[in-house]
$ cat data-v5.cif   # mmCIF, C-alpha atoms and all ligand atoms
data_my_file
loop_
_atom_site.label_atom_id
_atom_site.label_comp_id
_atom_site.auth_asym_id
_atom_site.auth_seq_id
_atom_site.Cartn_x
_atom_site.Cartn_y
_atom_site.Cartn_z
CA MET U 1 96.43 114.24 109.40
CA LYS U 2 97.09 117.26 107.22
CA LEU U 3 99.75 118.68 104.93
CA SER U 4 101.80 121.68 105.98
CA CYS U 5 104.41 123.73 104.13
CA ILE U 6 107.94 123.29 105.50
CA ASP U 7 108.59 127.00 105.02
CA CYS U 8 105.48 129.19 105.35
CA HIS U 9 103.46 126.55 107.28
CA LYS U 10 100.34 127.01 105.15
CA GLU U 11 98.08 123.98 105.63
CA TYR U 12 96.28 121.77 103.13
CA SER U 13 93.97 118.77 103.42
CA ILE U 14 95.65 115.40 102.85
CA ASP U 15 93.24 114.68 100.02
CA SER U 16 94.28 117.83 98.19
CA PHE U 17 96.55 115.85 95.86
CA ARG U 18 99.40 118.34 95.79
CA TYR U 19 103.15 118.11 96.33
CA LEU U 20 104.13 121.74 96.66
CA CYS U 21 102.85 124.71 98.64
CA ASP U 22 101.62 127.78 96.76
CA CYS U 23 104.95 129.32 97.80
CA GLY U 24 106.84 126.56 95.95
CA ASN U 25 108.23 124.70 98.97
CA LEU U 26 107.70 121.04 99.86
CA LEU U 27 104.96 119.79 102.16
CA ASP U 28 105.10 117.65 105.27
CA VAL U 29 102.51 115.21 106.53
CA ILE U 30 101.53 116.40 110.01
CA HIS U 31 100.02 113.84 112.35
CA ASP U 32 97.78 114.27 115.30
CA PHE U 33 99.71 112.03 117.68
CA LYS U 34 97.90 113.21 120.83
CA SER U 35 96.32 109.86 121.64
CA ILE U 36 99.46 107.78 121.05
CA ASP U 37 100.55 105.57 123.95
CA SER U 38 104.09 104.46 123.10
CA GLU U 39 104.25 101.55 125.57
CA TYR U 40 101.00 100.13 124.24
CA LEU U 41 102.12 100.61 120.63
CA LYS U 42 105.43 98.86 121.32
CA GLN U 43 103.43 95.80 122.36
CA ILE U 44 101.28 96.00 119.21
CA PHE U 45 104.38 96.39 117.01
CA ASN U 46 105.98 93.36 118.67
CA LYS U 47 102.83 91.25 118.24
CA ARG U 48 102.71 92.06 114.56
CA LEU U 49 106.15 90.47 114.08
CA ALA U 50 104.37 87.10 114.19
CA ASP U 51 101.95 88.11 111.42
CA ARG U 52 102.77 86.77 107.94
CA VAL U 53 99.75 87.54 105.77
CA SER U 54 97.90 90.70 106.79
CA PRO U 55 99.18 94.12 105.65
CA PHE U 56 100.63 94.48 109.17
CA ALA U 57 103.18 91.79 108.30
CA SER U 58 104.90 94.53 106.27
CA GLY U 59 107.88 96.24 107.88
CA VAL U 60 106.27 99.52 106.91
CA TRP U 61 102.60 98.96 107.72
CA ARG U 62 103.53 97.36 111.04
CA TYR U 63 103.91 101.00 112.11
CA LYS U 64 100.71 102.23 110.42
CA GLU U 65 99.70 104.28 113.48
CA LEU U 66 102.81 106.43 113.03
CA ILE U 67 102.73 106.55 109.22
CA SER U 68 99.21 106.75 107.85
CA PRO U 69 96.70 106.05 110.62
CA GLU U 70 93.67 107.14 108.64
CA LEU U 71 94.24 105.06 105.50
CA GLU U 72 91.71 102.25 105.17
CA THR U 73 93.43 98.89 105.40
CA ASN U 74 91.83 97.63 102.18
CA HIS U 75 93.61 100.42 100.27
CA ILE U 76 97.05 99.19 101.29
CA VAL U 77 99.20 98.01 98.37
CA THR U 78 101.99 95.98 99.96
CA LYS U 79 104.64 93.41 99.18
CA TYR U 80 105.62 92.95 102.83
CA GLU U 81 108.44 95.43 102.24
CA GLY U 82 110.85 96.31 105.02
CA ASN U 83 111.54 93.39 107.37
CA THR U 84 115.16 93.70 106.29
CA GLY U 85 118.21 92.34 108.08
CA LEU U 86 120.33 94.22 110.59
CA TYR U 87 123.84 92.75 110.54
CA LYS U 88 127.20 93.14 112.17
CA THR U 89 130.18 91.59 110.37
CA GLU U 90 133.82 91.45 111.30
CA LYS U 91 134.90 92.18 107.75
CA ILE U 92 133.02 95.47 107.56
CA SER U 93 133.93 96.52 111.12
CA ASN U 94 137.62 95.85 110.50
CA TYR U 95 137.55 97.76 107.24
CA ILE U 96 135.94 100.76 108.89
CA GLY U 97 138.01 100.57 112.05
CA ASN U 98 134.94 100.68 114.26
CA ARG U 99 134.09 97.77 116.53
CA CYS U 100 130.37 98.29 116.58
CA THR U 101 129.00 98.97 113.13
CA TRP U 102 125.63 97.61 112.17
CA VAL U 103 124.42 97.60 108.59
CA LYS U 104 120.72 97.74 107.77
CA ALA U 105 120.21 95.92 104.49
CA GLN U 106 117.39 97.81 102.76
CA SER U 107 118.76 96.01 99.70
CA GLU U 108 116.60 93.07 100.84
CA ASN U 109 113.39 94.87 99.92
CA PRO U 110 111.14 93.27 97.27
CA SER U 111 112.33 95.46 94.38
CA GLY U 112 115.85 95.59 95.81
CA SER U 113 116.02 99.05 97.37
CA PHE U 114 114.70 101.18 100.23
CA LYS U 115 112.46 103.00 97.76
CA ASP U 116 109.89 100.28 98.52
CA ASN U 117 109.47 101.59 102.10
CA GLY U 118 108.18 104.90 100.78
CA MET U 119 106.58 103.71 97.57
CA THR U 120 104.11 101.36 99.24
CA VAL U 121 102.71 104.37 101.11
CA ALA U 122 102.64 106.75 98.12
CA VAL U 123 100.95 104.21 95.86
CA SER U 124 98.49 103.17 98.58
CA HIS U 125 97.59 106.80 99.15
CA GLY U 126 97.13 107.38 95.40
CA TYR U 127 95.07 104.21 95.20
CA SER U 128 92.84 105.41 98.05
CA LEU U 129 92.20 108.61 96.06
CA GLY U 130 91.18 106.51 93.03
CA LYS U 131 94.34 107.22 91.02
CA THR U 132 95.28 104.64 88.40
CA LYS U 133 98.10 106.43 86.58
CA PHE U 134 101.34 106.87 88.49
CA THR U 135 104.56 108.57 87.48
CA CYS U 136 108.08 109.38 88.62
CA THR U 137 111.40 110.49 87.28
CA SER U 138 114.34 108.50 88.47
CA THR U 139 117.89 107.36 88.02
CA GLY U 140 116.54 103.85 88.51
CA ASN U 141 115.40 102.46 91.84
CA THR U 142 112.37 104.70 92.24
CA SER U 143 111.20 103.57 88.79
CA SER U 144 111.62 99.88 89.57
CA SER U 145 109.78 100.27 92.82
CA LEU U 146 106.94 102.32 91.36
CA ALA U 147 106.55 99.95 88.41
CA MET U 148 106.27 97.01 90.81
CA TYR U 149 103.63 98.58 93.08
CA ALA U 150 101.63 100.08 90.20
CA SER U 151 101.39 96.66 88.58
CA LEU U 152 100.48 95.14 91.94
CA ALA U 153 97.64 97.67 92.18
CA ASN U 154 96.58 96.81 88.62
CA SER U 155 97.43 100.37 87.58
CA GLU U 156 99.68 102.05 85.04
CA SER U 157 103.07 103.65 85.56
CA TYR U 158 104.96 106.11 83.38
CA VAL U 159 108.57 106.62 84.30
CA PHE U 160 110.99 109.25 83.03
CA VAL U 161 114.60 108.14 82.98
CA PRO U 162 117.62 110.32 82.12
CA ASN U 163 119.70 108.87 79.29
CA LYS U 164 123.07 109.13 81.11
CA ASN U 165 124.68 107.63 84.23
CA ILE U 166 121.92 105.14 84.89
CA SER U 167 122.08 101.41 85.39
CA VAL U 168 120.86 99.13 82.61
CA ASN U 169 119.69 96.61 85.21
CA LYS U 170 117.35 99.10 86.84
CA VAL U 171 115.78 100.12 83.55
CA LEU U 172 115.31 96.50 82.53
CA GLN U 173 113.70 95.72 85.89
CA THR U 174 111.31 98.64 85.40
CA LEU U 175 110.40 97.54 81.86
CA SER U 176 109.87 94.01 83.08
CA TYR U 177 107.31 95.07 85.68
CA GLY U 178 105.40 96.66 82.79
CA ALA U 179 105.99 100.39 83.17
CA LYS U 180 106.08 102.69 80.18
CA VAL U 181 109.66 103.94 80.21
CA ILE U 182 110.41 107.30 78.62
CA THR U 183 114.07 108.22 78.36
CA PHE U 184 115.16 111.81 77.82
CA GLU U 185 118.22 113.97 77.24
CA GLY U 186 118.94 115.65 80.56
CA THR U 187 119.33 114.87 84.26
CA TYR U 188 117.11 113.72 87.12
CA ASP U 189 116.76 117.39 88.05
CA ASN U 190 115.23 118.25 84.65
CA GLY U 191 112.80 115.35 85.02
CA ILE U 192 111.61 116.55 88.44
CA GLN U 193 111.08 120.09 87.15
CA PHE U 194 109.02 118.70 84.26
CA LEU U 195 106.75 116.67 86.55
CA GLU U 196 106.31 119.53 89.03
CA LYS U 197 105.00 121.60 86.14
CA TYR U 198 103.00 119.17 84.03
CA SER U 199 101.90 116.13 86.05
CA ASP U 200 98.48 117.68 86.76
CA ASP U 201 97.83 118.37 83.06
CA LEU U 202 98.88 114.81 82.29
CA GLY U 203 96.62 113.35 85.00
CA LEU U 204 99.55 111.56 86.62
CA TYR U 205 100.06 110.95 90.33
CA VAL U 206 103.69 111.78 91.16
CA CYS U 207 105.55 109.26 93.31
CA ASN U 208 108.89 111.01 93.58
CA SER U 209 110.07 111.95 97.03
CA ILE U 210 108.47 115.39 96.68
CA ASN U 211 105.38 113.29 97.48
CA PRO U 212 105.21 113.64 101.27
CA PHE U 213 103.73 110.15 101.72
CA ARG U 214 106.97 108.63 100.42
CA ILE U 215 108.75 110.28 103.33
CA GLU U 216 106.20 108.89 105.81
CA GLY U 217 106.89 105.35 104.59
CA GLN U 218 110.65 105.79 104.67
CA LYS U 219 110.45 106.69 108.35
CA SER U 220 109.87 102.98 108.96
CA ILE U 221 113.57 102.24 108.31
CA ILE U 222 114.59 103.89 111.56
CA TYR U 223 111.50 102.55 113.37
CA GLU U 224 112.53 99.06 112.40
CA ILE U 225 116.15 99.53 113.50
CA ALA U 226 114.89 100.89 116.82
CA GLN U 227 112.45 98.03 117.36
CA TYR U 228 115.06 95.37 116.48
CA LEU U 229 117.46 96.92 119.02
CA GLN U 230 114.84 97.12 121.80
CA TRP U 231 114.35 100.87 121.26
CA LYS U 232 118.00 101.75 121.91
CA LEU U 233 119.54 103.27 118.81
CA PRO U 234 123.29 103.42 118.05
CA ASP U 235 125.19 106.70 118.54
CA TRP U 236 125.33 107.38 114.81
CA VAL U 237 123.18 106.71 111.75
CA ILE U 238 125.04 106.92 108.43
CA VAL U 239 122.93 107.54 105.36
CA PRO U 240 123.71 108.31 101.70
CA GLY U 241 122.42 111.60 100.26
CA GLY U 242 121.10 111.90 96.71
CA ALA U 243 117.73 113.64 96.47
CA LEU U 244 117.93 113.71 100.31
CA SER U 245 114.55 112.06 100.87
CA ASN U 246 116.02 109.32 103.02
CA VAL U 247 117.83 111.87 105.18
CA SER U 248 114.59 113.80 105.54
CA ALA U 249 112.63 110.72 106.53
CA LEU U 250 115.29 109.71 109.01
CA GLY U 251 115.04 113.05 110.80
CA LYS U 252 111.24 112.97 110.83
CA GLY U 253 111.17 109.38 112.05
CA LEU U 254 113.68 110.09 114.82
CA ASN U 255 111.72 113.10 115.88
CA ASP U 256 108.53 110.98 116.12
CA LEU U 257 110.27 108.32 118.19
CA TYR U 258 111.78 110.84 120.56
CA THR U 259 108.76 113.09 121.07
CA LEU U 260 106.45 110.09 121.55
CA GLY U 261 108.82 108.54 124.09
CA PHE U 262 109.83 105.41 122.15
CA ILE U 263 113.52 106.34 122.54
CA ASP U 264 115.21 108.58 125.08
CA LYS U 265 118.14 109.75 122.99
CA ILE U 266 118.41 110.92 119.38
CA PRO U 267 121.43 109.54 117.51
CA ARG U 268 123.57 111.83 115.38
CA VAL U 269 123.13 111.56 111.62
CA ALA U 270 125.99 111.62 109.10
CA VAL U 271 125.00 112.22 105.47
CA VAL U 272 127.44 110.88 102.88
CA GLN U 273 127.53 112.28 99.36
CA ALA U 274 129.61 111.25 96.36
CA GLU U 275 132.25 113.86 95.63
CA GLY U 276 131.01 114.39 92.06
CA ALA U 277 127.47 115.11 93.26
CA SER U 278 127.82 116.78 96.64
CA PRO U 279 126.01 120.15 96.63
CA PHE U 280 124.49 119.48 100.07
CA HIS U 281 127.84 118.66 101.64
CA LYS U 282 129.36 121.78 100.07
CA MET U 283 126.54 123.93 101.39
CA VAL U 284 127.05 122.66 104.94
CA GLU U 285 130.84 122.74 104.77
CA ASN U 286 130.92 126.30 103.44
CA ASN U 287 128.11 127.57 105.66
CA GLN U 288 126.07 128.67 102.66
CA GLU U 289 122.56 130.01 103.22
CA THR U 290 121.15 128.04 100.32
CA LEU U 291 122.04 125.09 98.16
CA ILE U 292 123.90 125.84 94.93
CA PRO U 293 122.95 123.16 92.39
CA ASN U 294 125.61 121.29 90.47
CA PRO U 295 124.45 121.30 86.83
CA ASN U 296 126.75 118.40 85.91
CA PRO U 297 126.62 115.80 88.67
CA ASP U 298 128.99 112.93 87.94
CA THR U 299 129.45 109.83 90.07
CA VAL U 300 129.66 106.11 89.47
CA ALA U 301 126.99 105.73 92.19
CA SER U 302 124.01 106.23 89.88
CA ALA U 303 121.53 106.60 92.74
CA LEU U 304 123.49 109.58 94.03
CA ASN U 305 123.93 111.31 90.68
CA ILE U 306 121.75 114.27 91.58
CA GLY U 307 122.91 117.88 91.40
CA ASP U 308 119.81 119.69 92.67
CA PRO U 309 118.30 117.64 95.52
CA PRO U 310 114.63 118.65 95.94
CA SER U 311 114.56 117.82 99.65
CA TRP U 312 117.58 119.82 100.76
CA LYS U 313 115.60 121.97 103.21
CA LYS U 314 114.15 118.89 104.85
CA GLY U 315 117.65 117.40 104.85
CA LEU U 316 118.98 120.46 106.62
CA ARG U 317 116.23 120.15 109.20
CA THR U 318 117.45 116.60 109.93
CA LEU U 319 120.97 117.91 110.54
CA GLU U 320 119.61 120.54 112.92
CA GLN U 321 117.43 118.04 114.79
CA THR U 322 120.19 115.48 115.20
CA ASN U 323 123.34 117.56 115.50
CA GLY U 324 124.19 115.95 112.18
CA ILE U 325 127.17 116.26 109.86
CA THR U 326 128.01 115.67 106.20
CA VAL U 327 130.97 114.13 104.42
CA SER U 328 131.88 113.29 100.84
CA VAL U 329 133.72 110.29 99.41
CA THR U 330 135.34 109.55 96.05
CA ASP U 331 134.08 107.00 93.54
CA GLU U 332 137.19 104.93 94.25
CA GLU U 333 136.40 104.88 97.99
CA ILE U 334 132.80 103.92 97.22
CA LEU U 335 133.73 101.02 94.95
CA ASN U 336 136.30 99.59 97.34
CA ALA U 337 133.89 99.84 100.28
CA LYS U 338 131.28 98.15 98.12
CA ALA U 339 133.64 95.25 97.41
CA ILE U 340 134.07 94.79 101.17
CA VAL U 341 130.32 94.84 101.80
CA ASP U 342 129.85 92.34 98.97
CA GLN U 343 132.63 90.07 100.27
CA SER U 344 131.13 90.18 103.75
CA GLY U 345 128.22 88.23 102.26
CA ILE U 346 125.74 91.08 102.53
CA GLY U 347 126.21 92.96 99.28
CA CYS U 348 124.93 96.31 98.08
CA GLU U 349 125.00 98.69 95.15
CA PRO U 350 127.60 101.49 94.90
CA ALA U 351 125.44 104.30 96.35
CA SER U 352 124.83 102.25 99.50
CA ALA U 353 128.52 101.60 100.07
CA SER U 354 129.13 105.33 100.33
CA THR U 355 127.95 104.96 103.94
CA VAL U 356 130.67 102.44 104.76
CA ALA U 357 133.27 104.56 102.95
CA GLY U 358 131.99 107.67 104.73
CA LEU U 359 132.06 106.09 108.19
CA LYS U 360 135.60 104.80 107.54
CA LYS U 361 136.66 108.34 106.67
CA LEU U 362 134.95 109.87 109.72
CA VAL U 363 136.59 107.31 112.01
CA ALA U 364 140.00 108.00 110.43
CA GLN U 365 139.45 111.73 110.99
CA ASN U 366 138.48 111.07 114.64
CA VAL U 367 135.09 112.68 114.09
CA ILE U 368 133.56 109.37 115.13
CA ASP U 369 135.23 107.41 117.89
CA SER U 370 136.22 103.82 117.18
CA ASP U 371 134.07 102.58 120.06
CA GLU U 372 130.97 104.64 119.34
CA THR U 373 128.18 102.56 117.85
CA ALA U 374 126.89 103.20 114.33
CA VAL U 375 124.47 101.87 111.77
CA CYS U 376 125.03 102.27 108.02
CA ILE U 377 121.92 102.21 105.84
CA LEU U 378 122.60 99.99 102.83
CA THR U 379 120.06 101.28 100.37
CA GLY U 380 120.19 99.01 97.31
CA ASN U 381 120.92 95.48 96.10
CA LEU U 382 124.19 94.08 94.75
CA LEU U 383 122.63 93.08 91.42
CA LYS U 384 121.31 96.57 90.65
CA ASP U 385 124.43 97.54 88.73
CA THR U 386 126.16 94.63 87.03
CA GLU U 387 128.04 96.83 84.53
CA ILE U 388 129.99 98.26 87.45
CA LEU U 389 130.69 94.80 88.85
CA LYS U 390 132.04 93.74 85.48
CA LYS U 391 134.34 96.73 85.32
CA TYR U 392 135.54 96.31 88.91
CA HIS U 393 136.22 92.59 88.87
CA LEU U 394 136.86 91.67 85.26
CA GLU U 395 138.70 94.60 83.70
CA SER U 396 142.12 95.06 85.27
CA ASN U 397 142.09 98.30 87.14
CA GLU U 398 144.62 99.50 89.71
CA GLU U 399 142.04 101.28 91.82
CA ALA U 400 140.03 98.10 92.35
CA HIS U 401 141.80 96.95 95.51
CA PHE U 402 139.58 93.94 96.13
CA ALA U 403 138.94 92.73 92.59
CA ASN U 404 138.13 89.02 92.33
CA SER U 405 138.66 87.85 88.79
CA ILE U 406 137.56 84.64 87.13
CA ILE U 407 140.14 81.85 86.96
CA SER U 408 140.13 79.79 83.84
CA ALA U 409 141.68 76.33 84.05
CA GLU U 410 141.75 73.01 82.33
CA LEU U 411 139.90 70.50 84.50
CA THR U 412 142.64 68.16 85.64
CA ILE U 413 143.14 67.15 89.25
CA GLU U 414 146.73 68.53 89.26
CA ASN U 415 145.63 71.93 87.97
CA ILE U 416 142.83 72.36 90.45
CA LYS U 417 144.96 71.14 93.37
CA LYS U 418 147.56 73.74 92.46
CA LEU U 419 144.88 76.41 92.43
C1 LIG O 1 117.48 106.66 96.02
C2 LIG O 1 118.72 106.03 96.48
C3 LIG O 1 119.66 106.73 97.26
C4 LIG O 1 119.51 108.16 97.59
O1 LIG O 1 118.45 108.43 98.45
P1 LIG O 1 117.79 109.87 98.49
O2 LIG O 1 116.61 109.70 99.30
O3 LIG O 1 117.51 110.23 97.07
O4 LIG O 1 118.82 110.77 99.08
C5 LIG O 1 120.75 106.04 97.72
N1 LIG O 1 120.96 104.74 97.41
C6 LIG O 1 120.09 104.05 96.66
C7 LIG O 1 120.39 102.64 96.34
C8 LIG O 1 118.95 104.67 96.17
O5 LIG O 1 118.11 103.97 95.42
ZN ZN O 2 104.56 127.59 101.74
#
$ encode --input "data-v5.cif" --output "structure tokens"
Amino acid sequence: MKLSCIDCHKEYSIDSFRYLCDCGNLLDVIHDFKSIDSEYLKQIFNKRLADRVSPFASGVWRYKELISPELETNHIVTKYEGNTGLYKTEKISNYIGNRCTWVKAQSENPSGSFKDNGMTVAVSHGYSLGKTKFTCTSTGNTSSSLAMYASLANSESYVFVPNKNISVNKVLQTLSYGAKVITFEGTYDNGIQFLEKYSDDLGLYVCNSINPFRIEGQKSIIYEIAQYLQWKLPDWVIVPGGALSNVSALGKGLNDLYTLGFIDKIPRVAVVQAEGASPFHKMVENNQETLIPNPNPDTVASALNIGDPPSWKKGLRTLEQTNGITVSVTDEEILNAKAIVDQSGIGCEPASASTVAGLKKLVAQNVIDSDETAVCILTGNLLKDTEILKKYHLESNEEAHFANSIISAELTIENIKKL
């Protein structure tokens, strides 16, 4: 294993403890997969499904050979993340207008979002290097996840949280796990720039998605979908785009599976952004050479409220590798799709529902056929943003098409019968 620049391809050792190339671009983890036998590994991966207590019981570390083969097992910091449900429901399919839509509920992760898939690898790697002070900047879920793993590793975490457009629940979760939470005037983008510059001086190990080990862990989401479906992936994978780390990991994971012979066809990827924070979609739609940051991102989907996604070049690579597309959806579309996902019994936070809203739109536009198969990645848990739930269900609002308000009634048999 080594690190390599995505742009100039300069190489670094994996112990070099750096996130950026000298040229300023992001790094990739490059594996030496020469000795991989995919048929043999499929058997190993299937056997590990029966394991409940070793690190291989994790839905990330089950695939250790494809993620971090050289890490010593006793350095793994895990909460058996991954292992999340893959569902098909009539309610969601009908809403989208597509008969075969799966949803992958990353919301079922231990801290309630897919950030756990990547964070277990970043923290384990830091731990193996002897790091005991971890940091990130985040609109919420990355902080909660980091705080959880840092505490699990008996280490400290320092998280930098913008003071606007964030969810109270996520901050409270982070505080509860014991992180030091520092809030600042500015956006996620300002926080990232600060850490890129000063984390070394501060002696902090950065666990944002500029950390290439996060991406390695997040590849497991597509590995798991593939394994659950007997290594036959749907035609489309629909993923939300914020910082674009998940999109990047998806492309890298698909590329691994295809080049190693686990799958014989690469699905197409559709990246969904929220209209108020959609610089990546705009770049693709307008055929721009480079991403033009949005200095004032503004969407109700806090996890997507990012105007200058650090991983846009990796995201673009995913589109190239998968013949991928982008689409944007409004906050109203997101919240109504979320209500449907919630009422289907699965539940998710607003950012996640952008995938359902995006797929619905793409089916309506005939970009995706109603009988093509698709999987929407649901990234975060229903309880991550209760302020939004309160607004949607309890404050009368014309745009909330599926609001479900509380009924107050005097407890008499006649009253309740009538209801
Ligand atoms: C982080 C996050 C996203 C965005 O993922 P990126 O990798 O930043 O593009 C989407 N949904 C949820 C719930 C998240 O926590
Ligand atoms: Zn470089």
$ residues_around --input "data-v5.cif" --residues "Lys338 of chain U" --least-positions-apart "6" --cutoff "7 Å" --atoms "all atoms listed in the file" --output "PyMOL selection string"
chain U and resi 348-350+353
$ write_last_selection --input "data-v5.cif" --atoms "C-alpha atoms" --output "mmCIF file, in the frame of the given file"
data_model
loop_
_atom_site.group_PDB
_atom_site.id
_atom_site.type_symbol
_atom_site.label_atom_id
_atom_site.label_comp_id
_atom_site.auth_asym_id
_atom_site.auth_seq_id
_atom_site.Cartn_x
_atom_site.Cartn_y
_atom_site.Cartn_z
ATOM 1 C CA CYS U 348 124.930 96.310 98.080
ATOM 2 C CA GLU U 349 125.000 98.690 95.150
ATOM 3 C CA PRO U 350 127.600 101.490 94.900
ATOM 4 C CA ALA U 353 128.520 101.600 100.070
#
$ atom_distance --input "data-v5.cif" --atom1 "atom CA of Glu65 of chain U" --atom2 "atom CA of Lys219 of chain U"
12.2 Å
$ closest_residue --input "data-v5.cif" --among "U:Leu86, U:Ile263, U:Val123, U:Ala274" --to "Trp102 of chain U" --atoms "only C-alpha atoms"
U:Leu86
$ atom_distance --input "data-v5.cif" --atom1 "atom CA of Ser143 of chain U" --atom2 "atom CA of Pro240 of chain U"
18.6 Å
$ residues_around --input "data-v5.cif" --residues "Ser138 of chain U" --least-positions-apart "3" --cutoff "9 Å" --atoms "all atoms listed in the file" --output "list in words"
Asn141, Thr142, Ser143, Val159, Phe160, Val161, Pro162, Tyr188, Gly191, Ile192, Asn208 and Ala303 of chain U
$ residues_around --input "data-v5.cif" --residues "Ser151 of chain U" --least-positions-apart "5" --cutoff "10 Å" --atoms "only C-alpha atoms" --output "NGL selection string"
:U and (146 or 156-157 or 177-179)
$ closest_atom_pairs --input "data-v5.cif" --of "chain U" --to "ligand ZN 2 (chain O)" --cutoff "8 Å" --atoms "all atoms listed in the file" --output "CSV"
residue,atom,partner,partner_atom,distance
U:Ser4,CA,O:ZN2,ZN,7.8
U:Cys5,CA,O:ZN2,ZN,4.5
U:Ile6,CA,O:ZN2,ZN,6.6
U:Asp7,CA,O:ZN2,ZN,5.2
U:Cys8,CA,O:ZN2,ZN,4.1
U:His9,CA,O:ZN2,ZN,5.7
U:Lys10,CA,O:ZN2,ZN,5.5
U:Leu20,CA,O:ZN2,ZN,7.8
U:Cys21,CA,O:ZN2,ZN,4.6
U:Asp22,CA,O:ZN2,ZN,5.8
U:Cys23,CA,O:ZN2,ZN,4.3
U:Gly24,CA,O:ZN2,ZN,6.3
U:Asn25,CA,O:ZN2,ZN,5.4
U:Leu26,CA,O:ZN2,ZN,7.5
U:Leu27,CA,O:ZN2,ZN,7.8
